[in-house]
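One structure below.
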Amino acid sequence: MTPDNKTIVQHAWKAFAEHDFDKIGAFFTEDAEWLAQPENATAAFLGGTHHMVGRATIADFIANGFSKLFAQDVAIDFRGFYAEGDRVIVEETMRATLSNGNAYSNDYCFIFELRDGLIHRVREYMDTARGHRMVFG
């Protein structure tokens, strides 16, 4: 039996938490995209882009780049997973200790678009002003 899109995204989140490049990459199409707000603090801190393109780029960020900012005590409180057709919406609050020692807590909404059982596009929304205060303030 093929898992539904909601289950696929839930399993992807588990792989994200393991920071294993190959496991993470297996959930994405080769031409996957991850889009966040242009002014987000994570991209600014890491000197990266708010628009990642390609399975390898996305998997590398989650496996290797993420922990350069979110250094320890990462905890995610999932508020909901909602699925309709090829889209899955995830509401969450993420908390962590940043590499600069600051506490981080921000609410997120992710919209996952799937194609043939793989994640093709992710749109990420968060409070960018709040993120900047915690990362750079």
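Starting from 1 in every chain, residues are counted up; chains themselves are A, B, ... following the order of the structure tokens, and ligands are numbered from 1 as listed.
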
Mind checking which residues fall within 9 Å of range 105-112 of chain A, counting only C-alpha atoms, ignoring those fewer than 2 positions away in the same chain, and posting them as a list of chain:residue names?
A:Val9, A:Asp86, A:Arg87, A:Val88, A:Ile89, A:Val90, A:Glu91, A:Glu92, A:Thr93, A:Met94, A:Arg95, A:Ala96, A:Thr97, A:Ala103, A:Leu114, A:Ile119, A:His120, A:Arg121, A:Val122, A:Arg123, A:Glu124, A:Tyr125, A:Met126, A:Asp127, A:Arg130, A:Gly131, A:Met134

Using only C-alpha atoms, which residues sit within 7 Å of His51 in chain A once same-chain residues fewer than 6 positions away are excluded, as a count of residues only?
4

Pick from A:Glu113, A:Phe28, A:Leu98, A:Asp20, whichever lies nearest to Val53 in chain A using only C-alpha atoms:
A:Phe28

CA of Ile76 in chain A to CA of Ala56 in chain A, straight-line distance in Å
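About the pair CA of Ala56 in chain A and CA of Ile76 in chain A: they are 23.8 Å apart.
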
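Omitting Asp22 in chain A and its sequence neighbours fewer than 4 positions away, and counting only C-alpha atoms, the residues within 12 Å are Ala12, Ala15, Phe16, Glu18, Ala26, Phe27, Phe28, Arg55, Ala56, Thr57, Ile58, Ala59, Asp60, Ile62, Ala63 and Asn64 of chain A.
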
Could you write out, as a list in words, all the residues of range 17-129 of chain A that DSSP marks as alpha helix (DSSP H)?
Ala17, Glu18, Phe21, Asp22, Lys23, Ile24, Gly25, Ala41, Thr42, Ala43, Ala44, Phe45, Leu46, Arg55, Ala56, Thr57, Ile58, Ala59, Asp60, Phe66, Ser67, Lys68, Leu69, Thr128 and Ala129 of chain A

Restrict the selected residues to C-alpha atoms and save them as a compact mmCIF listing (two decimals), in the first residue's frame.
```txt
# COMPACT_ATOMS: atom_id res chain seq x y z
CA ALA A 17 15.64 15.41 12.46
CA GLU A 18 18.29 12.74 11.77
CA PHE A 21 21.82 13.60 3.71
CA ASP A 22 20.74 10.43 1.87
CA LYS A 23 17.59 9.85 3.93
CA ILE A 24 16.54 13.49 3.48
CA GLY A 25 17.29 13.54 -0.24
CA ALA A 41 17.37 35.37 9.30
CA THR A 42 18.56 31.82 8.56
CA ALA A 43 19.53 32.65 4.98
CA ALA A 44 21.11 35.93 6.10
CA PHE A 45 23.12 34.26 8.88
CA LEU A 46 24.40 31.46 6.65
CA ARG A 55 17.42 17.71 -4.11
CA ALA A 56 21.12 17.85 -3.19
CA THR A 57 21.03 21.54 -2.21
CA ILE A 58 18.01 21.07 0.04
CA ALA A 59 19.35 17.87 1.63
CA ASP A 60 22.72 19.54 2.26
CA PHE A 66 20.77 23.90 9.68
CA SER A 67 22.86 23.03 12.76
CA LYS A 68 25.32 25.87 12.07
CA LEU A 69 22.63 28.27 13.32
CA THR A 128 10.99 37.22 9.75
CA ALA A 129 11.24 40.27 12.04
```
